[in-house]
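Undergrad: Shown below is the structure under consideration.
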Amino acid sequence: MAKAPRGERMIITLTGKRNAGKSSLINALINQDVAIVSDVAGTTTDPVAKSYELLPLGPVTFYDTAGIDDVGELGEKRIAKTKKILFRSDIALVVIGEQGITDYDKNFIKDIQQYRIPFIVVFNKQDIQKVSQKDIDYCHVNKLKYYQVSAKEKAGIAELKDQIIALAPDILKHEKVLIGDLINPGDLVLLIAPIDLAAPKGRLILPQVQVLREILDNDALGMIVKEREIEEALHSFARKPDLVVTDSQVVLKVSGDVPEDIPLTTFSILFARYKGDLDKLVEGARKIDNLKDGDKVLIAESCSHNINCDDIGRVKIPRWLTQYTGKNLDFEFSSGHDYPDDLEKYDVVLHCGACMLNQQAMGRRILEAERRNVAITNYGVAISKLQGVLDRCLEPFE
Ligand code: SF4
């Protein structure tokens, strides 16, 4: 089976105390010996990722993590790593060993609830210690989903997989629509893709390919041209396109070249809707109008080492934002899966396109900014705003 783009994989993280049997459980779930299994507490130090085809859901990544009761300075670092993985997880399994639910587990469960991550309490090692009535009562009182297994004897594993599938976020269970709901069979869609120095050699980028594929899946007609060939393309058609989708970076030129009566949007806006919450990102973009001298803007990238994104996030967006607002803004940059600890000090977060994140993870980034009372938008929506064409680019969704 073809591999799903990395951003689309569901992430399931196994947490719990040392020696709760997390490594054995992950082995049982994927039917392989991926993690070293030992009776010595604390064998897993750094999170171990394992890809697996969890049918009918599709590709998932299981993370095996260090014990939440790990000790010492190193132990604390390992717990911090576990929490970071947890933060971008779609589902967590809180694995309980023969000691039953401890205070460590209870505190960790509170963290998971605060992150709003769906989770299952998994009572492992049922071959040596049955779950106590006290722990069952604890789960009932706190309305926690729980399940009993023995990783060693592979008992209850198939049923646990069913529970995981049932708990998967709807957005991952149902087919997601990028452009399909905006077009009808037979529609003509014109895509604009600049081929500049930043474009990869010999191929289109994934968002362009995904949109083109969905156009074909919907029995519509797709035509892709560079921004310099728009007029020629429009003249060569016997009818007007039903929709034009452009790369954000040339949206101003395209908006001028494409007559007002032809609906227009951008790949970034399609993906902002597909990945997360377009309404919230638009609301965040409108906050740009309120920025004042000295306000702090966080440019947040979800991963490092991407030169193209560096150029957009670190050079172009700060320049456009300064030109648009006419204000003396204070830009700061972050990259990686986590926001800076002092997120509250920023007036707005401009998030990257999140091509490496799935919808849950991007949703959680939006949620965290909201929870901490900071406006958030993303590059694509912000670029259309800064170019003065956001309202036009949102019309196809009304
Ligand atoms: S859009 Fe974000 S996640 Fe994708 S490559 Fe750029 S920085 Fe990384």
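Chain labels run A, B, ... following the order of the structure tokens; each chain numbers its residues from 1, and ligands are numbered from 1 in the order shown.
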Check every protein, DNA and RNA residue against ligand 1, keep those with an atom at most 6 Å away (counting only C-alpha atoms and all ligand atoms), and present them as an mmCIF file with N, CA and C atoms, in the first residue's frame.
TA:
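Produced file part05.cif, reproduced below:
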```
data_model
loop_
_atom_site.group_PDB
_atom_site.id
_atom_site.type_symbol
_atom_site.label_atom_id
_atom_site.label_comp_id
_atom_site.auth_asym_id
_atom_site.auth_seq_id
_atom_site.Cartn_x
_atom_site.Cartn_y
_atom_site.Cartn_z
ATOM 1 N N GLU A 301 7.241 28.040 12.891
ATOM 2 C CA GLU A 301 7.386 26.977 11.895
ATOM 3 C C GLU A 301 7.317 25.632 12.607
ATOM 4 N N SER A 302 6.634 24.668 11.981
ATOM 5 C CA SER A 302 6.477 23.363 12.651
ATOM 6 C C SER A 302 7.697 22.478 12.513
ATOM 7 N N CYS A 303 8.591 22.800 11.606
ATOM 8 C CA CYS A 303 9.795 21.979 11.504
ATOM 9 C C CYS A 303 10.951 22.888 11.118
ATOM 10 N N ASN A 306 13.947 23.873 6.515
ATOM 11 C CA ASN A 306 13.288 24.017 5.219
ATOM 12 C C ASN A 306 13.561 25.413 4.688
ATOM 13 N N CYS A 309 10.618 27.593 3.324
ATOM 14 C CA CYS A 309 9.781 28.181 4.356
ATOM 15 C C CYS A 309 10.530 29.274 5.086
ATOM 16 N N CYS A 352 3.235 28.473 10.054
ATOM 17 C CA CYS A 352 3.561 27.996 8.704
ATOM 18 C C CYS A 352 2.412 27.143 8.163
ATOM 19 N N GLY A 353 2.543 26.664 6.945
ATOM 20 C CA GLY A 353 1.485 25.872 6.313
ATOM 21 C C GLY A 353 1.266 24.506 6.934
ATOM 22 N N ALA A 354 2.141 24.106 7.839
ATOM 23 C CA ALA A 354 1.980 22.869 8.613
ATOM 24 C C ALA A 354 1.905 21.624 7.733
ATOM 25 N N CYS A 355 2.711 21.596 6.660
ATOM 26 C CA CYS A 355 2.627 20.442 5.761
ATOM 27 C C CYS A 355 3.051 19.149 6.458
ATOM 28 N N MET A 356 3.826 19.253 7.547
ATOM 29 C CA MET A 356 4.265 18.044 8.245
ATOM 30 C C MET A 356 3.339 17.661 9.404
#
```
Undergrad: Show which residues sit within 7 Å of range 253-262 of chain A, as a VMD selection string. Count only C-alpha atoms, and ignore same-chain residues fewer than 2 positions away.
TA: chain A and resid 227 231 241 to 243 250 to 251 264
Undergrad: Please produce a file of those selected residues containing C-alpha atoms, as an mmCIF file, in the first residue's frame.
TA:
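Resulting contents of selection.cif:
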```cif
data_model
loop_
_atom_site.group_PDB
_atom_site.id
_atom_site.type_symbol
_atom_site.label_atom_id
_atom_site.label_comp_id
_atom_site.auth_asym_id
_atom_site.auth_seq_id
_atom_site.Cartn_x
_atom_site.Cartn_y
_atom_site.Cartn_z
ATOM 1 C CA GLU A 227 1.491 32.844 -13.604
ATOM 2 C CA GLU A 231 -3.970 35.341 -20.066
ATOM 3 C CA PRO A 241 -12.958 28.529 -15.613
ATOM 4 C CA ASP A 242 -15.304 27.669 -12.747
ATOM 5 C CA LEU A 243 -12.512 28.184 -10.232
ATOM 6 C CA VAL A 250 1.574 35.392 -6.753
ATOM 7 C CA VAL A 251 -2.011 35.957 -5.577
ATOM 8 C CA LEU A 264 -10.446 32.635 -7.039
#
```
Undergrad: At what distance in Å, to one decimal, does CA of Ile30 in chain A lie from CA of Gln210 in chain A?
TA: 29.4 Å
Undergrad: Find the residues near Lys327 in chain A: any atom within 10 Å, counting only C-alpha atoms, skip ones fewer than 5 places away on the same chain, and give them as JSON, numbers by chain.
TA: {"A": [291, 292, 293, 294, 295, 321, 322]}
Undergrad: Record the distance separating CA of Asn107 in chain A and CA of Val48 in chain A, expressed in Å with one decimal.
TA: 22.9 Å
Undergrad: Find the residues around Thr82 in chain A up to 9 Å (only C-alpha atoms counted), leave out those fewer than 5 positions away in its own chain, and share them as a list in words.
TA: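 Here the qualifying residues turn out to be Thr13, Thr15, Asp46, Pro47, Asp64, Thr65, Ala66, Gly67, Ile68, Lys77 and Phe87 of chain A.
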Undergrad: Rank nothing, just name the residue among A:Asp162, A:Ala233, A:Thr266, A:Glu153 nearest to Pro207 in chain A, using only C-alpha atoms.
TA: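 The shortest atom-to-atom distance to Pro207 in chain A comes from A:Thr266.
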Undergrad: Can you list, as a VMD selection string, every protein, DNA or RNA residue that comes within 8 Å of Asp105 in chain A when you count only C-alpha atoms, leaving out same-chain residues fewer than 2 positions away?
TA: chain A and resid 16 to 17 68 94 96 101 to 103 107 to 109
Undergrad: Quick one: write out the picked residues with N, CA and C atoms as a compact mmCIF listing (two decimals), in the first residue's frame?
TA:
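Wrote part36.txt, looks like this:
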```
# COMPACT_ATOMS: atom_id res chain seq x y z
N GLY A 16 3.05 5.75 30.44
CA GLY A 16 2.80 4.98 31.66
C GLY A 16 4.09 4.88 32.45
N LYS A 17 4.00 4.26 33.61
CA LYS A 17 5.18 4.14 34.45
C LYS A 17 6.19 3.18 33.83
N ILE A 68 6.91 7.55 32.96
CA ILE A 68 6.58 8.86 33.53
C ILE A 68 7.08 9.00 34.96
N VAL A 94 -2.70 5.05 28.15
CA VAL A 94 -2.04 5.12 29.45
C VAL A 94 -1.94 3.69 29.96
N ILE A 96 -1.06 0.70 32.35
CA ILE A 96 -0.96 0.46 33.79
C ILE A 96 -0.44 -0.96 34.02
N ILE A 101 -3.28 1.74 39.23
CA ILE A 101 -3.16 3.19 38.96
C ILE A 101 -2.50 3.87 40.16
N THR A 102 -1.40 4.58 39.88
CA THR A 102 -0.66 5.27 40.95
C THR A 102 -0.88 6.78 40.83
N ASP A 103 -0.31 7.51 41.77
CA ASP A 103 -0.44 8.98 41.70
C ASP A 103 0.22 9.53 40.44
N ASN A 107 -1.76 11.96 37.84
CA ASN A 107 -1.30 13.29 37.43
C ASN A 107 -1.12 13.36 35.92
N PHE A 108 -0.60 12.29 35.35
CA PHE A 108 -0.37 12.28 33.91
C PHE A 108 -1.70 12.31 33.16
N ILE A 109 -2.65 11.59 33.69
CA ILE A 109 -3.99 11.59 33.07
C ILE A 109 -4.55 13.01 33.05
```
Undergrad: Excluding Asp187 in chain A and any residue of its chain fewer than 2 positions from it, enumerate the residues within 10 Å of it, using only C-alpha atoms, and give them as a PDB file with C-alpha atoms, in the first residue's frame.
TA:
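Below is the file that was written, result_36.pdb:
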```pdb
ATOM      1  CA  LEU A 182     -16.255  23.458  -4.422  1.00  0.00           C
ATOM      2  CA  ILE A 183     -16.533  21.858  -7.854  1.00  0.00           C
ATOM      3  CA  ASN A 184     -18.942  19.747  -9.923  1.00  0.00           C
ATOM      4  CA  PRO A 185     -18.229  17.072 -12.538  1.00  0.00           C
ATOM      5  CA  VAL A 189     -10.351  24.460 -12.745  1.00  0.00           C
ATOM      6  CA  LEU A 190      -7.295  26.533 -13.553  1.00  0.00           C
ATOM      7  CA  ILE A 215     -10.036  17.548  -9.365  1.00  0.00           C
ATOM      8  CA  ASN A 218     -14.342  14.590  -9.048  1.00  0.00           C
ATOM      9  CA  ASP A 219     -14.496  14.166 -12.851  1.00  0.00           C
ATOM     10  CA  ALA A 220     -13.627  17.825 -13.350  1.00  0.00           C
ATOM     11  CA  LEU A 221     -11.059  19.277 -15.750  1.00  0.00           C
ATOM     12  CA  GLY A 222      -7.777  20.532 -14.377  1.00  0.00           C
ATOM     13  CA  LYS A 240     -14.525  30.726 -18.296  1.00  0.00           C
ATOM     14  CA  PRO A 241     -12.958  28.529 -15.613  1.00  0.00           C
ATOM     15  CA  ASP A 242     -15.304  27.669 -12.747  1.00  0.00           C
ATOM     16  CA  LEU A 243     -12.512  28.184 -10.232  1.00  0.00           C
TER      17      LEU A 243
END
```
Undergrad: Let's see if you can do this: from backbone DSSP, list all strand (DSSP E) residues in range 26-251 of chain A, as a ChimeraX atom specification.
TA: /A:48-54,58-64,91-96,119-123,146-148,188-192,221-225,243-246
Undergrad: Save the residues we just selected, N, CA and C atoms, as a short mmCIF file (atom, residue, chain, number, x, y, z; two decimals), in the first residue's frame?
TA:
```cif
data_model
loop_
_atom_site.label_atom_id
_atom_site.label_comp_id
_atom_site.auth_asym_id
_atom_site.auth_seq_id
_atom_site.Cartn_x
_atom_site.Cartn_y
_atom_site.Cartn_z
N VAL A 48 10.37 5.84 20.87
CA VAL A 48 10.65 4.99 19.71
C VAL A 48 9.41 4.99 18.83
N ALA A 49 9.58 5.32 17.54
CA ALA A 49 8.42 5.41 16.64
C ALA A 49 8.34 4.16 15.78
N LYS A 50 7.14 3.68 15.58
CA LYS A 50 6.96 2.53 14.70
C LYS A 50 5.72 2.73 13.84
N SER A 51 5.91 2.64 12.53
CA SER A 51 4.78 2.79 11.62
C SER A 51 4.04 1.48 11.48
N TYR A 52 2.75 1.58 11.28
CA TYR A 52 1.94 0.37 11.23
C TYR A 52 0.68 0.68 10.43
N GLU A 53 0.18 -0.33 9.72
CA GLU A 53 -1.04 -0.15 8.94
C GLU A 53 -2.21 -0.65 9.79
N LEU A 54 -2.90 0.27 10.42
CA LEU A 54 -4.00 -0.13 11.31
C LEU A 54 -5.30 -0.08 10.51
N GLY A 58 -5.89 2.96 8.36
CA GLY A 58 -4.77 3.37 7.50
C GLY A 58 -3.49 3.47 8.31
N PRO A 59 -2.50 4.20 7.76
CA PRO A 59 -1.19 4.23 8.41
C PRO A 59 -1.19 5.02 9.71
N VAL A 60 -0.57 4.46 10.72
CA VAL A 60 -0.46 5.15 12.01
C VAL A 60 0.99 5.04 12.49
N THR A 61 1.35 5.89 13.43
CA THR A 61 2.65 5.76 14.08
C THR A 61 2.42 5.54 15.57
N PHE A 62 2.96 4.44 16.07
CA PHE A 62 2.92 4.21 17.52
C PHE A 62 4.21 4.76 18.12
N TYR A 63 4.09 5.48 19.23
CA TYR A 63 5.28 5.93 19.95
C TYR A 63 5.37 5.21 21.29
N ASP A 64 6.53 4.58 21.50
CA ASP A 64 6.82 3.98 22.80
C ASP A 64 7.66 5.00 23.56
N ILE A 91 -4.02 10.09 19.83
CA ILE A 91 -4.59 9.22 20.84
C ILE A 91 -3.46 8.82 21.79
N ALA A 92 -3.78 8.70 23.07
CA ALA A 92 -2.79 8.20 24.03
C ALA A 92 -3.33 6.92 24.67
N LEU A 93 -2.41 6.01 24.93
CA LEU A 93 -2.75 4.83 25.73
C LEU A 93 -1.98 4.97 27.04
N VAL A 94 -2.70 5.05 28.15
CA VAL A 94 -2.04 5.12 29.45
C VAL A 94 -1.94 3.69 29.96
N VAL A 95 -0.72 3.16 29.93
CA VAL A 95 -0.53 1.73 30.23
C VAL A 95 -0.28 1.56 31.73
N ILE A 96 -1.06 0.70 32.35
CA ILE A 96 -0.96 0.46 33.79
C ILE A 96 -0.44 -0.96 34.02
N PHE A 119 -7.98 9.34 25.07
CA PHE A 119 -7.07 8.31 25.59
C PHE A 119 -7.84 7.13 26.17
N ILE A 120 -7.11 6.02 26.29
CA ILE A 120 -7.66 4.81 26.89
C ILE A 120 -6.70 4.40 28.01
N VAL A 121 -7.24 4.06 29.16
CA VAL A 121 -6.41 3.48 30.22
C VAL A 121 -6.34 1.98 29.92
N VAL A 122 -5.11 1.47 29.74
CA VAL A 122 -4.98 0.06 29.38
C VAL A 122 -4.35 -0.70 30.56
N PHE A 123 -5.13 -1.55 31.19
CA PHE A 123 -4.60 -2.38 32.27
C PHE A 123 -3.89 -3.56 31.63
N TYR A 146 -11.50 2.40 29.73
CA TYR A 146 -10.40 1.51 30.12
C TYR A 146 -10.57 0.16 29.44
N TYR A 147 -9.44 -0.54 29.39
CA TYR A 147 -9.44 -1.83 28.72
C TYR A 147 -8.39 -2.73 29.37
N GLN A 148 -8.66 -4.04 29.38
CA GLN A 148 -7.73 -4.97 30.04
C GLN A 148 -7.08 -5.88 29.00
N LEU A 188 -14.30 23.31 -14.95
CA LEU A 188 -12.94 23.59 -15.40
C LEU A 188 -12.22 24.36 -14.30
N VAL A 189 -11.11 23.82 -13.83
CA VAL A 189 -10.35 24.46 -12.75
C VAL A 189 -8.96 24.81 -13.26
N LEU A 190 -8.62 26.07 -13.11
CA LEU A 190 -7.30 26.53 -13.55
C LEU A 190 -6.39 26.70 -12.33
N LEU A 191 -5.26 26.00 -12.35
CA LEU A 191 -4.30 26.08 -11.24
C LEU A 191 -3.09 26.90 -11.67
N ILE A 192 -2.63 27.78 -10.78
CA ILE A 192 -1.47 28.62 -11.10
C ILE A 192 -0.31 28.23 -10.20
N LEU A 221 -12.20 19.09 -14.86
CA LEU A 221 -11.06 19.28 -15.75
C LEU A 221 -10.04 20.18 -15.06
N GLY A 222 -8.82 19.74 -15.02
CA GLY A 222 -7.78 20.53 -14.38
C GLY A 222 -6.75 20.98 -15.39
N MET A 223 -6.39 22.26 -15.31
CA MET A 223 -5.33 22.78 -16.19
C MET A 223 -4.36 23.53 -15.30
N ILE A 224 -3.08 23.30 -15.47
CA ILE A 224 -2.10 23.98 -14.60
C ILE A 224 -1.13 24.78 -15.46
N VAL A 225 -0.96 26.06 -15.11
CA VAL A 225 -0.06 26.93 -15.87
C VAL A 225 0.76 27.77 -14.89
N LEU A 243 -13.29 27.84 -11.43
CA LEU A 243 -12.51 28.18 -10.23
C LEU A 243 -11.05 28.32 -10.63
N VAL A 244 -10.38 29.30 -10.03
CA VAL A 244 -8.93 29.43 -10.21
C VAL A 244 -8.28 29.27 -8.83
N VAL A 245 -7.24 28.45 -8.77
CA VAL A 245 -6.51 28.26 -7.51
C VAL A 245 -5.05 28.64 -7.77
N THR A 246 -4.56 29.55 -6.97
CA THR A 246 -3.18 30.01 -7.21
C THR A 246 -2.28 29.81 -6.00
#
```
Undergrad: I need the residues of range 227-350 of chain A that end up classed as alpha helix (DSSP H) by DSSP on the backbone, written out as a PDB file with N, CA and C atoms, in the first residue's frame.
TA:
```pdb
ATOM      1  N   ILE A 230      -1.288  33.015 -17.672  1.00  0.00           N
ATOM      2  CA  ILE A 230      -2.716  33.060 -17.313  1.00  0.00           C
ATOM      3  C   ILE A 230      -3.564  33.592 -18.467  1.00  0.00           C
ATOM      4  N   GLU A 231      -3.143  34.724 -19.007  1.00  0.00           N
ATOM      5  CA  GLU A 231      -3.970  35.341 -20.066  1.00  0.00           C
ATOM      6  C   GLU A 231      -4.121  34.407 -21.246  1.00  0.00           C
ATOM      7  N   GLU A 232      -3.010  33.813 -21.643  1.00  0.00           N
ATOM      8  CA  GLU A 232      -3.031  32.879 -22.776  1.00  0.00           C
ATOM      9  C   GLU A 232      -3.980  31.716 -22.477  1.00  0.00           C
ATOM     10  N   ALA A 233      -3.919  31.227 -21.254  1.00  0.00           N
ATOM     11  CA  ALA A 233      -4.788  30.102 -20.874  1.00  0.00           C
ATOM     12  C   ALA A 233      -6.248  30.533 -20.936  1.00  0.00           C
ATOM     13  N   LEU A 234      -6.551  31.708 -20.360  1.00  0.00           N
ATOM     14  CA  LEU A 234      -7.949  32.168 -20.334  1.00  0.00           C
ATOM     15  C   LEU A 234      -8.492  32.344 -21.753  1.00  0.00           C
ATOM     16  N   HIS A 235      -7.632  32.854 -22.662  1.00  0.00           N
ATOM     17  CA  HIS A 235      -8.087  33.049 -24.058  1.00  0.00           C
ATOM     18  C   HIS A 235      -8.263  31.732 -24.789  1.00  0.00           C
ATOM     19  N   SER A 236      -7.508  30.741 -24.395  1.00  0.00           N
ATOM     20  CA  SER A 236      -7.568  29.462 -25.131  1.00  0.00           C
ATOM     21  C   SER A 236      -8.791  28.630 -24.737  1.00  0.00           C
ATOM     22  N   VAL A 251      -0.556  35.731  -5.609  1.00  0.00           N
ATOM     23  CA  VAL A 251      -2.011  35.957  -5.577  1.00  0.00           C
ATOM     24  C   VAL A 251      -2.383  37.372  -6.026  1.00  0.00           C
ATOM     25  N   LEU A 252      -1.524  38.348  -5.758  1.00  0.00           N
ATOM     26  CA  LEU A 252      -1.857  39.722  -6.133  1.00  0.00           C
ATOM     27  C   LEU A 252      -1.904  39.854  -7.658  1.00  0.00           C
ATOM     28  N   LYS A 253      -0.876  39.325  -8.314  1.00  0.00           N
ATOM     29  CA  LYS A 253      -0.833  39.382  -9.789  1.00  0.00           C
ATOM     30  C   LYS A 253      -2.013  38.599 -10.367  1.00  0.00           C
ATOM     31  N   VAL A 254      -2.244  37.399  -9.823  1.00  0.00           N
ATOM     32  CA  VAL A 254      -3.302  36.542 -10.354  1.00  0.00           C
ATOM     33  C   VAL A 254      -4.666  37.212 -10.159  1.00  0.00           C
ATOM     34  N   SER A 255      -4.844  37.858  -9.022  1.00  0.00           N
ATOM     35  CA  SER A 255      -6.110  38.527  -8.749  1.00  0.00           C
ATOM     36  C   SER A 255      -6.356  39.636  -9.779  1.00  0.00           C
ATOM     37  N   GLY A 256      -5.279  40.270 -10.218  1.00  0.00           N
ATOM     38  CA  GLY A 256      -5.416  41.307 -11.248  1.00  0.00           C
ATOM     39  C   GLY A 256      -5.706  40.706 -12.615  1.00  0.00           C
ATOM     40  N   ASP A 257      -5.103  39.580 -12.905  1.00  0.00           N
ATOM     41  CA  ASP A 257      -5.230  38.964 -14.240  1.00  0.00           C
ATOM     42  C   ASP A 257      -6.532  38.199 -14.427  1.00  0.00           C
ATOM     43  N   PHE A 267      -3.988  27.849  -2.937  1.00  0.00           N
ATOM     44  CA  PHE A 267      -3.689  26.508  -2.395  1.00  0.00           C
ATOM     45  C   PHE A 267      -3.605  26.586  -0.870  1.00  0.00           C
ATOM     46  N   SER A 268      -2.987  27.659  -0.371  1.00  0.00           N
ATOM     47  CA  SER A 268      -2.804  27.777   1.084  1.00  0.00           C
ATOM     48  C   SER A 268      -4.126  27.845   1.806  1.00  0.00           C
ATOM     49  N   ILE A 269      -5.098  28.550   1.229  1.00  0.00           N
ATOM     50  CA  ILE A 269      -6.400  28.650   1.895  1.00  0.00           C
ATOM     51  C   ILE A 269      -7.112  27.292   1.836  1.00  0.00           C
ATOM     52  N   LEU A 270      -6.989  26.588   0.712  1.00  0.00           N
ATOM     53  CA  LEU A 270      -7.572  25.235   0.646  1.00  0.00           C
ATOM     54  C   LEU A 270      -6.974  24.360   1.742  1.00  0.00           C
ATOM     55  N   PHE A 271      -5.659  24.477   1.929  1.00  0.00           N
ATOM     56  CA  PHE A 271      -5.002  23.630   2.928  1.00  0.00           C
ATOM     57  C   PHE A 271      -5.246  24.114   4.356  1.00  0.00           C
ATOM     58  N   ALA A 272      -5.445  25.433   4.525  1.00  0.00           N
ATOM     59  CA  ALA A 272      -5.772  25.947   5.866  1.00  0.00           C
ATOM     60  C   ALA A 272      -7.104  25.344   6.303  1.00  0.00           C
ATOM     61  N   ARG A 273      -8.039  25.211   5.363  1.00  0.00           N
ATOM     62  CA  ARG A 273      -9.349  24.627   5.667  1.00  0.00           C
ATOM     63  C   ARG A 273      -9.223  23.121   5.888  1.00  0.00           C
ATOM     64  N   TYR A 274      -8.426  22.478   5.044  1.00  0.00           N
ATOM     65  CA  TYR A 274      -8.244  21.025   5.078  1.00  0.00           C
ATOM     66  C   TYR A 274      -7.541  20.585   6.362  1.00  0.00           C
ATOM     67  N   LYS A 275      -6.546  21.372   6.767  1.00  0.00           N
ATOM     68  CA  LYS A 275      -5.740  21.003   7.929  1.00  0.00           C
ATOM     69  C   LYS A 275      -6.394  21.397   9.231  1.00  0.00           C
ATOM     70  N   LEU A 278     -10.369  27.069   9.255  1.00  0.00           N
ATOM     71  CA  LEU A 278     -10.197  28.260   8.415  1.00  0.00           C
ATOM     72  C   LEU A 278     -10.784  29.495   9.089  1.00  0.00           C
ATOM     73  N   ASP A 279     -11.952  29.345   9.739  1.00  0.00           N
ATOM     74  CA  ASP A 279     -12.600  30.515  10.364  1.00  0.00           C
ATOM     75  C   ASP A 279     -11.680  31.151  11.403  1.00  0.00           C
ATOM     76  N   LYS A 280     -11.046  30.285  12.220  1.00  0.00           N
ATOM     77  CA  LYS A 280     -10.182  30.839  13.282  1.00  0.00           C
ATOM     78  C   LYS A 280      -8.941  31.511  12.679  1.00  0.00           C
ATOM     79  N   LEU A 281      -8.420  30.906  11.605  1.00  0.00           N
ATOM     80  CA  LEU A 281      -7.217  31.479  10.994  1.00  0.00           C
ATOM     81  C   LEU A 281      -7.548  32.809  10.301  1.00  0.00           C
ATOM     82  N   VAL A 282      -8.762  32.917   9.770  1.00  0.00           N
ATOM     83  CA  VAL A 282      -9.186  34.179   9.152  1.00  0.00           C
ATOM     84  C   VAL A 282      -9.377  35.240  10.240  1.00  0.00           C
ATOM     85  N   GLU A 283      -9.982  34.810  11.359  1.00  0.00           N
ATOM     86  CA  GLU A 283     -10.183  35.724  12.489  1.00  0.00           C
ATOM     87  C   GLU A 283      -8.823  36.260  12.964  1.00  0.00           C
ATOM     88  N   GLY A 284      -7.836  35.361  13.032  1.00  0.00           N
ATOM     89  CA  GLY A 284      -6.486  35.771  13.444  1.00  0.00           C
ATOM     90  C   GLY A 284      -5.893  36.756  12.450  1.00  0.00           C
ATOM     91  N   ALA A 285      -6.114  36.507  11.147  1.00  0.00           N
ATOM     92  CA  ALA A 285      -5.557  37.390  10.111  1.00  0.00           C
ATOM     93  C   ALA A 285      -6.163  38.789  10.231  1.00  0.00           C
ATOM     94  N   ARG A 286      -7.435  38.857  10.608  1.00  0.00           N
ATOM     95  CA  ARG A 286      -8.080  40.182  10.712  1.00  0.00           C
ATOM     96  C   ARG A 286      -7.490  40.990  11.876  1.00  0.00           C
ATOM     97  N   ILE A 307      14.475  25.467   3.720  1.00  0.00           N
ATOM     98  CA  ILE A 307      14.957  26.751   3.208  1.00  0.00           C
ATOM     99  C   ILE A 307      13.805  27.566   2.610  1.00  0.00           C
ATOM    100  N   ASN A 308      12.905  26.899   1.855  1.00  0.00           N
ATOM    101  CA  ASN A 308      11.807  27.633   1.215  1.00  0.00           C
ATOM    102  C   ASN A 308      10.951  28.333   2.248  1.00  0.00           C
ATOM    103  N   CYS A 309      10.618  27.593   3.324  1.00  0.00           N
ATOM    104  CA  CYS A 309       9.781  28.181   4.356  1.00  0.00           C
ATOM    105  C   CYS A 309      10.530  29.274   5.086  1.00  0.00           C
ATOM    106  N   ASP A 310      11.843  29.086   5.243  1.00  0.00           N
ATOM    107  CA  ASP A 310      12.662  30.123   5.879  1.00  0.00           C
ATOM    108  C   ASP A 310      12.495  31.431   5.156  1.00  0.00           C
ATOM    109  N   ILE A 317       7.340  37.489   4.784  1.00  0.00           N
ATOM    110  CA  ILE A 317       6.190  37.844   5.625  1.00  0.00           C
ATOM    111  C   ILE A 317       6.517  39.033   6.534  1.00  0.00           C
ATOM    112  N   PRO A 318       7.670  39.041   7.229  1.00  0.00           N
ATOM    113  CA  PRO A 318       7.976  40.239   8.026  1.00  0.00           C
ATOM    114  C   PRO A 318       7.978  41.518   7.178  1.00  0.00           C
ATOM    115  N   ARG A 319       8.505  41.414   5.955  1.00  0.00           N
ATOM    116  CA  ARG A 319       8.549  42.614   5.096  1.00  0.00           C
ATOM    117  C   ARG A 319       7.136  43.061   4.731  1.00  0.00           C
ATOM    118  N   TRP A 320       6.308  42.097   4.281  1.00  0.00           N
ATOM    119  CA  TRP A 320       4.941  42.444   3.869  1.00  0.00           C
ATOM    120  C   TRP A 320       4.118  42.963   5.050  1.00  0.00           C
ATOM    121  N   LEU A 321       4.331  42.335   6.218  1.00  0.00           N
ATOM    122  CA  LEU A 321       3.554  42.742   7.395  1.00  0.00           C
ATOM    123  C   LEU A 321       3.931  44.165   7.818  1.00  0.00           C
ATOM    124  N   THR A 322       5.210  44.468   7.739  1.00  0.00           N
ATOM    125  CA  THR A 322       5.668  45.813   8.089  1.00  0.00           C
ATOM    126  C   THR A 322       5.119  46.833   7.092  1.00  0.00           C
ATOM    127  N   GLN A 323       5.174  46.477   5.805  1.00  0.00           N
ATOM    128  CA  GLN A 323       4.654  47.404   4.779  1.00  0.00           C
ATOM    129  C   GLN A 323       3.151  47.617   4.980  1.00  0.00           C
ATOM    130  N   TYR A 324       2.417  46.527   5.227  1.00  0.00           N
ATOM    131  CA  TYR A 324       0.954  46.601   5.325  1.00  0.00           C
ATOM    132  C   TYR A 324       0.526  47.436   6.535  1.00  0.00           C
ATOM    133  N   THR A 325       1.148  47.184   7.692  1.00  0.00           N
ATOM    134  CA  THR A 325       0.708  47.858   8.922  1.00  0.00           C
ATOM    135  C   THR A 325       1.346  49.237   9.060  1.00  0.00           C
TER     136      THR A 325
END
```
Undergrad: Excluding Gly100 in chain A and residues on its chain fewer than 5 positions from it, collect all residues at most 8 Å away from it, counting only C-alpha atoms, and give them as a PyMOL selection string.
TA: chain A and resi 123+131-132+135
Undergrad: Which is closest to Pro340 in chain A among A:Arg372, A:Lys110, A:His140, A:Arg228, if we use only C-alpha atoms?
TA: A:Arg372
Undergrad: Let me make sure I understand: among A:Gly72, A:Val381, A:Arg314, A:Glu229, which one has the smallest atom-to-atom distance to Pro194 in chain A if we use only C-alpha atoms?
TA: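 Once distances to Pro194 in chain A are computed over only C-alpha atoms, the minimum belongs to A:Glu229.
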